[in-house]
Amino acid sequence: MSKGSRFGMAFHQGLGFSSPLMKIPQTEAVFWPGCALLNLDGCVLKKTLAVLRRAEPDIQLACGCCGQPTVYLFPEKAEKRRVKLVRLLKKQGIKRIYTACPNCTLQLRELEGFEIIPVWPTLAAHIRPEDITAADGSFIWHDPCPTRKEPEQQKAARDLLDSCGCDCTEPEHTGCKTNCCGNFHMMAATDPEKSRKMRLNRLKEFPEDRIIVSSCEGCLGAFRGENRKTVHLLELLFGISESRGWGNRIKTTLK
């Protein structure tokens, strides 16, 4: 990893674990978008939360980092940050964490004492036609590789795609046979050459005239880096985010 990349990720993780940006409400159930999705317009997350409240009336938004980048890039700091996160979650009385990011799902499952629930089955069960602001265009679906062994998540994602009524196809390798975007376990930072080869190999299955849609903002960010158009599944459901970045994250966290 280059010095510049290391510095950037160190800053990202340090800021992500700072007290002002690690905002965990006092409640039993939280919606945990993860770092990447917190960069979207807050209205997308607000609409997601409204649907989740049909299953969990008291659920609130949690703005925090699961610590996965630290685990793979700065392992010497991982335990301290894990302890800080667990302490905060327990202090706030958290019992159930509804995750949107597949990497957060894997990372948070390693913590003891919490039920980790991917949001997609809950959204599929409770979304209504009037909730949906479907985006225009032709799409192709990408299953994130952390969901290869998660058939319930895969089915729920497809049910949500169907509810949009959009034109969406699937690549050759999909579902349990999906190919990686090249950034699993922070590979884009640790081995950028290998990461790009994997990413370009994956992109061969996506026609240029189709917008890539996925339930992983990390995957989509990797594809955008190769000048491909993307949309997150939450955007496809609740409206396209007008911008992405730390400004949105700070605004959502500190409001």
# chains A, B, ... in the order shown; residues from 1 in each chain; ligands from 1
call {"tool": "residues_around", "arguments": {"residues": "Cys145 of chain A", "least_positions_apart": "2", "cutoff": "6 Å", "atoms": "only C-alpha atoms", "output": "list in words"}}
result
Thr147, Arg148 and Cys180 of chain A
call {"tool": "residues_around", "arguments": {"residues": "Phe17 of chain A", "least_positions_apart": "5", "cutoff": "9 Å", "atoms": "only C-alpha atoms", "output": "PyMOL selection string"}}
result
chain A and resi 12+22+64-65+67+81+84-85
call {"tool": "write_last_selection", "arguments": {"atoms": "N, CA, C and O atoms", "output": "mmCIF file, in the first residue's frame"}}
result
data_model
loop_
_atom_site.group_PDB
_atom_site.id
_atom_site.type_symbol
_atom_site.label_atom_id
_atom_site.label_comp_id
_atom_site.auth_asym_id
_atom_site.auth_seq_id
_atom_site.Cartn_x
_atom_site.Cartn_y
_atom_site.Cartn_z
ATOM 1 N N HIS A 12 -9.244 8.270 7.532
ATOM 2 C CA HIS A 12 -10.641 7.813 7.450
ATOM 3 C C HIS A 12 -11.033 7.050 8.704
ATOM 4 O O HIS A 12 -12.088 7.310 9.301
ATOM 5 N N MET A 22 -19.056 8.824 15.737
ATOM 6 C CA MET A 22 -19.515 7.499 16.164
ATOM 7 C C MET A 22 -20.762 7.730 17.021
ATOM 8 O O MET A 22 -20.726 7.726 18.246
ATOM 9 N N GLY A 64 -21.874 4.900 12.449
ATOM 10 C CA GLY A 64 -20.642 4.368 12.994
ATOM 11 C C GLY A 64 -19.925 3.482 12.002
ATOM 12 O O GLY A 64 -20.458 3.142 10.949
ATOM 13 N N CYS A 65 -18.702 3.135 12.347
ATOM 14 C CA CYS A 65 -17.855 2.294 11.511
ATOM 15 C C CYS A 65 -17.685 0.928 12.165
ATOM 16 O O CYS A 65 -17.504 0.835 13.381
ATOM 17 N N GLY A 67 -15.200 -1.055 11.539
ATOM 18 C CA GLY A 67 -13.773 -1.262 11.774
ATOM 19 C C GLY A 67 -13.077 -2.204 10.824
ATOM 20 O O GLY A 67 -11.892 -2.517 11.015
ATOM 21 N N ARG A 81 -10.070 -0.596 18.899
ATOM 22 C CA ARG A 81 -11.277 -0.038 18.297
ATOM 23 C C ARG A 81 -12.466 -0.983 18.438
ATOM 24 O O ARG A 81 -13.604 -0.542 18.601
ATOM 25 N N LYS A 84 -13.761 -0.491 21.908
ATOM 26 C CA LYS A 84 -14.482 0.783 21.988
ATOM 27 C C LYS A 84 -15.878 0.654 21.407
ATOM 28 O O LYS A 84 -16.858 1.151 21.992
ATOM 29 N N LEU A 85 -15.993 -0.027 20.270
ATOM 30 C CA LEU A 85 -17.288 -0.199 19.620
ATOM 31 C C LEU A 85 -18.222 -1.040 20.474
ATOM 32 O O LEU A 85 -19.390 -0.679 20.680
#
call {"tool": "closest_residue", "arguments": {"among": "A:Ser18, A:Gln26, A:Asn227, A:Ser214", "to": "Leu200 of chain A", "atoms": "only C-alpha atoms"}}
result
A:Asn227
call {"tool": "select_by_dssp", "arguments": {"residues": "segment 88-126 of chain A", "states": "helix (DSSP H, G or I)", "output": "list in words"}}
result
Leu88, Leu89, Lys90, Lys91, Pro102, Asn103, Cys104, Thr105, Leu106, Gln107, Leu108, Val119, Trp120, Pro121, Thr122, Leu123, Ala124, Ala125 and His126 of chain A
call {"tool": "select_by_dssp", "arguments": {"residues": "segment 8-222 of chain A", "states": "strand (DSSP E or B)", "output": "JSON, numbers by chain"}}
result
{"A": [23, 29, 30, 31, 32, 60, 61, 63, 96, 97, 98, 99, 115, 116, 117, 118, 138, 139, 140, 141, 142, 167, 168, 169, 211, 212, 213, 214]}
call {"tool": "closest_residue", "arguments": {"among": "A:Leu73, A:Ile250, A:Val30, A:Ala36", "to": "Ala188 of chain A", "atoms": "only C-alpha atoms"}}
result
A:Leu73
call {"tool": "closest_atom_pairs", "arguments": {"of": "segment 210-250 of chain A", "to": "segment 150-165 of chain A", "cutoff": "12 Å", "atoms": "only C-alpha atoms", "output": "CSV"}}
result
residue,atom,partner,partner_atom,distance
A:Val213,CA,A:Leu161,CA,9.6
A:Ser214,CA,A:Ala157,CA,8.7
A:Ser215,CA,A:Ala157,CA,7.6
A:Cys216,CA,A:Ala157,CA,11.3
A:His232,CA,A:Leu161,CA,11.2
A:Leu233,CA,A:Leu161,CA,7.8
A:Leu234,CA,A:Leu160,CA,9.5
A:Glu235,CA,A:Cys164,CA,10.9
A:Leu236,CA,A:Cys164,CA,7.5
A:Leu237,CA,A:Cys164,CA,6.6
A:Phe238,CA,A:Cys164,CA,9.8
A:Gly239,CA,A:Cys164,CA,11.3
call {"tool": "write_last_selection", "arguments": {"atoms": "C-alpha atoms", "output": "mmCIF file, in the first residue's frame"}}
result
data_model
loop_
_atom_site.group_PDB
_atom_site.id
_atom_site.type_symbol
_atom_site.label_atom_id
_atom_site.label_comp_id
_atom_site.auth_asym_id
_atom_site.auth_seq_id
_atom_site.Cartn_x
_atom_site.Cartn_y
_atom_site.Cartn_z
ATOM 1 C CA VAL A 213 -26.847 -2.065 -9.389
ATOM 2 C CA SER A 214 -25.803 -3.773 -6.151
ATOM 3 C CA SER A 215 -26.425 -3.884 -2.413
ATOM 4 C CA CYS A 216 -22.772 -2.977 -1.732
ATOM 5 C CA HIS A 232 -27.177 1.331 -5.084
ATOM 6 C CA LEU A 233 -30.239 -0.821 -4.475
ATOM 7 C CA LEU A 234 -31.470 1.674 -1.860
ATOM 8 C CA GLU A 235 -31.230 4.444 -4.467
ATOM 9 C CA LEU A 236 -33.131 2.326 -6.953
ATOM 10 C CA LEU A 237 -35.885 1.997 -4.360
ATOM 11 C CA PHE A 238 -35.930 5.433 -2.746
ATOM 12 C CA GLY A 239 -34.385 7.890 -5.200
#
call {"tool": "closest_residue", "arguments": {"among": "A:Cys176, A:Met186, A:Leu89, A:Ile127", "to": "Glu115 of chain A", "atoms": "only C-alpha atoms"}}
result
A:Leu89
call {"tool": "closest_residue", "arguments": {"among": "A:Ser138, A:Asn201, A:Asn103, A:Thr48", "to": "Phe184 of chain A", "atoms": "only C-alpha atoms"}}
result
A:Asn103
call {"tool": "atom_distance", "arguments": {"atom1": "atom CA of Glu217 of chain A", "atom2": "atom CA of Leu52 of chain A"}}
result
19.4 Å
call {"tool": "residues_around", "arguments": {"residues": "Lys90 of chain A", "least_positions_apart": "6", "cutoff": "12 Å", "atoms": "only C-alpha atoms", "output": "PyMOL selection string"}}
result
chain A and resi 24-29+83-84+96-97+111-114
call {"tool": "write_last_selection", "arguments": {"atoms": "N, CA, C and O atoms", "output": "CSV table (one decimal), in the first residue's frame"}}
result
chain,number,residue,atom,x,y,z
A,24,ILE,N,-24.2,6.5,18.2
A,24,ILE,CA,-25.0,5.4,18.4
A,24,ILE,C,-26.2,5.8,19.4
A,24,ILE,O,-25.9,6.1,20.5
A,25,PRO,N,-27.4,5.7,18.9
A,25,PRO,CA,-28.5,6.1,19.8
A,25,PRO,C,-28.8,5.1,20.9
A,25,PRO,O,-28.4,3.9,20.8
A,26,GLN,N,-29.5,5.5,21.9
A,26,GLN,CA,-29.9,4.6,23.0
A,26,GLN,C,-31.2,4.0,22.7
A,26,GLN,O,-32.3,4.6,22.7
A,27,THR,N,-31.1,2.7,22.2
A,27,THR,CA,-32.3,2.0,21.8
A,27,THR,C,-31.9,0.5,21.6
A,27,THR,O,-30.7,0.2,21.7
A,28,GLU,N,-32.9,-0.4,21.5
A,28,GLU,CA,-32.5,-1.8,21.3
A,28,GLU,C,-32.1,-2.2,19.9
A,28,GLU,O,-31.4,-3.1,19.7
A,29,ALA,N,-32.7,-1.5,18.9
A,29,ALA,CA,-32.5,-1.8,17.5
A,29,ALA,C,-32.0,-0.6,16.7
A,29,ALA,O,-32.6,0.5,16.9
A,83,VAL,N,-13.0,-3.0,21.0
A,83,VAL,CA,-13.4,-2.8,22.4
A,83,VAL,C,-14.2,-1.6,22.5
A,83,VAL,O,-15.2,-1.6,23.2
A,84,LYS,N,-13.8,-0.5,21.9
A,84,LYS,CA,-14.5,0.8,22.0
A,84,LYS,C,-15.9,0.7,21.4
A,84,LYS,O,-16.9,1.2,22.0
A,96,ARG,N,-30.1,-5.5,18.6
A,96,ARG,CA,-30.3,-5.9,17.2
A,96,ARG,C,-29.7,-4.8,16.3
A,96,ARG,O,-30.0,-3.6,16.4
A,97,ILE,N,-28.9,-5.2,15.3
A,97,ILE,CA,-28.2,-4.3,14.4
A,97,ILE,C,-28.6,-4.7,13.0
A,97,ILE,O,-28.3,-5.8,12.5
A,111,LEU,N,-18.7,-9.8,16.7
A,111,LEU,CA,-18.9,-9.3,18.1
A,111,LEU,C,-19.9,-10.1,18.8
A,111,LEU,O,-21.0,-10.6,18.3
A,112,GLU,N,-19.7,-10.4,20.1
A,112,GLU,CA,-20.6,-11.2,20.9
A,112,GLU,C,-21.7,-10.3,21.5
A,112,GLU,O,-21.4,-9.2,22.0
A,113,GLY,N,-22.9,-10.9,21.6
A,113,GLY,CA,-23.9,-10.2,22.3
A,113,GLY,C,-24.9,-9.4,21.5
A,113,GLY,O,-25.8,-8.7,22.1
A,114,PHE,N,-24.8,-9.5,20.2
A,114,PHE,CA,-25.7,-8.7,19.3
A,114,PHE,C,-26.2,-9.6,18.2
A,114,PHE,O,-25.5,-10.4,17.7
call {"tool": "residues_around", "arguments": {"residues": "Phe223 of chain A", "least_positions_apart": "4", "cutoff": "9 Å", "atoms": "only C-alpha atoms", "output": "PDB file with C-alpha atoms, in the first residue's frame"}}
result
ATOM      1  CA  CYS A 181     -15.197  -6.529  -7.476  1.00  0.00           C
ATOM      2  CA  ARG A 199     -12.379  -5.809 -11.141  1.00  0.00           C
ATOM      3  CA  LEU A 200     -11.779  -5.692 -14.889  1.00  0.00           C
ATOM      4  CA  LEU A 203     -16.700  -5.840 -15.579  1.00  0.00           C
ATOM      5  CA  ILE A 212     -24.614  -1.672 -12.447  1.00  0.00           C
ATOM      6  CA  GLY A 218     -18.031  -0.507  -1.812  1.00  0.00           C
ATOM      7  CA  CYS A 219     -18.401  -2.642  -4.936  1.00  0.00           C
ATOM      8  CA  ASN A 227     -15.883   4.914 -15.288  1.00  0.00           C
ATOM      9  CA  ARG A 228     -18.981   2.731 -15.058  1.00  0.00           C
ATOM     10  CA  LYS A 229     -22.402   4.045 -14.094  1.00  0.00           C
ATOM     11  CA  THR A 230     -23.778   2.563 -10.889  1.00  0.00           C
TER      12      THR A 230
END
call {"tool": "residues_around", "arguments": {"residues": "Pro207 of chain A", "least_positions_apart": "3", "cutoff": "12 Å", "atoms": "only C-alpha atoms", "output": "VMD selection string"}}
result
chain A and resid 138 to 141 168 to 172 202 to 204 210 to 212 228 to 229
call {"tool": "write_last_selection", "arguments": {"atoms": "N, CA, C and O atoms", "output": "PDB file, in the first residue's frame"}}
result
ATOM      1  N   SER A 138     -31.689   0.939 -17.829  1.00  0.00           N
ATOM      2  CA  SER A 138     -31.503  -0.507 -17.926  1.00  0.00           C
ATOM      3  C   SER A 138     -30.350  -0.899 -17.003  1.00  0.00           C
ATOM      4  O   SER A 138     -29.285  -0.277 -17.040  1.00  0.00           O
ATOM      5  N   PHE A 139     -30.562  -1.941 -16.209  1.00  0.00           N
ATOM      6  CA  PHE A 139     -29.622  -2.275 -15.146  1.00  0.00           C
ATOM      7  C   PHE A 139     -29.125  -3.711 -15.258  1.00  0.00           C
ATOM      8  O   PHE A 139     -29.736  -4.543 -15.929  1.00  0.00           O
ATOM      9  N   ILE A 140     -28.012  -3.983 -14.560  1.00  0.00           N
ATOM     10  CA  ILE A 140     -27.533  -5.345 -14.396  1.00  0.00           C
ATOM     11  C   ILE A 140     -27.123  -5.515 -12.943  1.00  0.00           C
ATOM     12  O   ILE A 140     -26.499  -4.635 -12.345  1.00  0.00           O
ATOM     13  N   TRP A 141     -27.500  -6.630 -12.354  1.00  0.00           N
ATOM     14  CA  TRP A 141     -27.327  -6.861 -10.913  1.00  0.00           C
ATOM     15  C   TRP A 141     -25.964  -7.480 -10.599  1.00  0.00           C
ATOM     16  O   TRP A 141     -25.496  -8.373 -11.306  1.00  0.00           O
ATOM     17  N   CYS A 168     -33.903  -5.176 -15.467  1.00  0.00           N
ATOM     18  CA  CYS A 168     -32.662  -5.590 -14.808  1.00  0.00           C
ATOM     19  C   CYS A 168     -32.345  -7.034 -15.171  1.00  0.00           C
ATOM     20  O   CYS A 168     -33.190  -7.923 -15.038  1.00  0.00           O
ATOM     21  N   THR A 169     -31.122  -7.263 -15.623  1.00  0.00           N
ATOM     22  CA  THR A 169     -30.649  -8.603 -15.960  1.00  0.00           C
ATOM     23  C   THR A 169     -29.545  -9.007 -14.983  1.00  0.00           C
ATOM     24  O   THR A 169     -29.157  -8.230 -14.103  1.00  0.00           O
ATOM     25  N   GLU A 170     -29.038 -10.239 -15.147  1.00  0.00           N
ATOM     26  CA  GLU A 170     -27.956 -10.723 -14.301  1.00  0.00           C
ATOM     27  C   GLU A 170     -26.795 -11.199 -15.161  1.00  0.00           C
ATOM     28  O   GLU A 170     -26.990 -11.669 -16.282  1.00  0.00           O
ATOM     29  N   PRO A 171     -25.566 -11.098 -14.651  1.00  0.00           N
ATOM     30  CA  PRO A 171     -24.394 -11.543 -15.404  1.00  0.00           C
ATOM     31  C   PRO A 171     -24.262 -13.061 -15.364  1.00  0.00           C
ATOM     32  O   PRO A 171     -25.044 -13.754 -14.704  1.00  0.00           O
ATOM     33  N   GLU A 172     -23.265 -13.571 -16.048  1.00  0.00           N
ATOM     34  CA  GLU A 172     -23.045 -15.022 -16.081  1.00  0.00           C
ATOM     35  C   GLU A 172     -22.775 -15.569 -14.682  1.00  0.00           C
ATOM     36  O   GLU A 172     -23.347 -16.584 -14.282  1.00  0.00           O
ATOM     37  N   ARG A 202     -14.426  -8.858 -13.706  1.00  0.00           N
ATOM     38  CA  ARG A 202     -15.845  -8.804 -13.366  1.00  0.00           C
ATOM     39  C   ARG A 202     -16.601  -7.921 -14.350  1.00  0.00           C
ATOM     40  O   ARG A 202     -17.716  -8.250 -14.802  1.00  0.00           O
ATOM     41  N   LEU A 203     -16.023  -6.790 -14.705  1.00  0.00           N
ATOM     42  CA  LEU A 203     -16.700  -5.840 -15.579  1.00  0.00           C
ATOM     43  C   LEU A 203     -16.924  -6.381 -16.991  1.00  0.00           C
ATOM     44  O   LEU A 203     -17.793  -5.886 -17.713  1.00  0.00           O
ATOM     45  N   LYS A 204     -16.172  -7.408 -17.393  1.00  0.00           N
ATOM     46  CA  LYS A 204     -16.373  -8.016 -18.706  1.00  0.00           C
ATOM     47  C   LYS A 204     -17.780  -8.588 -18.842  1.00  0.00           C
ATOM     48  O   LYS A 204     -18.288  -8.743 -19.948  1.00  0.00           O
ATOM     49  N   ARG A 210     -25.660  -0.931 -19.714  1.00  0.00           N
ATOM     50  CA  ARG A 210     -26.455  -1.189 -18.509  1.00  0.00           C
ATOM     51  C   ARG A 210     -25.782  -0.594 -17.270  1.00  0.00           C
ATOM     52  O   ARG A 210     -24.565  -0.648 -17.124  1.00  0.00           O
ATOM     53  N   ILE A 211     -26.590  -0.045 -16.399  1.00  0.00           N
ATOM     54  CA  ILE A 211     -26.113   0.542 -15.147  1.00  0.00           C
ATOM     55  C   ILE A 211     -25.977  -0.578 -14.119  1.00  0.00           C
ATOM     56  O   ILE A 211     -26.884  -1.402 -13.956  1.00  0.00           O
ATOM     57  N   ILE A 212     -24.852  -0.621 -13.433  1.00  0.00           N
ATOM     58  CA  ILE A 212     -24.614  -1.672 -12.447  1.00  0.00           C
ATOM     59  C   ILE A 212     -25.332  -1.324 -11.147  1.00  0.00           C
ATOM     60  O   ILE A 212     -25.160  -0.235 -10.589  1.00  0.00           O
ATOM     61  N   ARG A 228     -17.696   3.365 -14.802  1.00  0.00           N
ATOM     62  CA  ARG A 228     -18.981   2.731 -15.058  1.00  0.00           C
ATOM     63  C   ARG A 228     -20.068   3.406 -14.232  1.00  0.00           C
ATOM     64  O   ARG A 228     -19.849   3.833 -13.091  1.00  0.00           O
ATOM     65  N   LYS A 229     -21.263   3.487 -14.810  1.00  0.00           N
ATOM     66  CA  LYS A 229     -22.402   4.045 -14.094  1.00  0.00           C
ATOM     67  C   LYS A 229     -22.942   3.010 -13.118  1.00  0.00           C
ATOM     68  O   LYS A 229     -23.051   1.829 -13.453  1.00  0.00           O
TER      69      LYS A 229
END
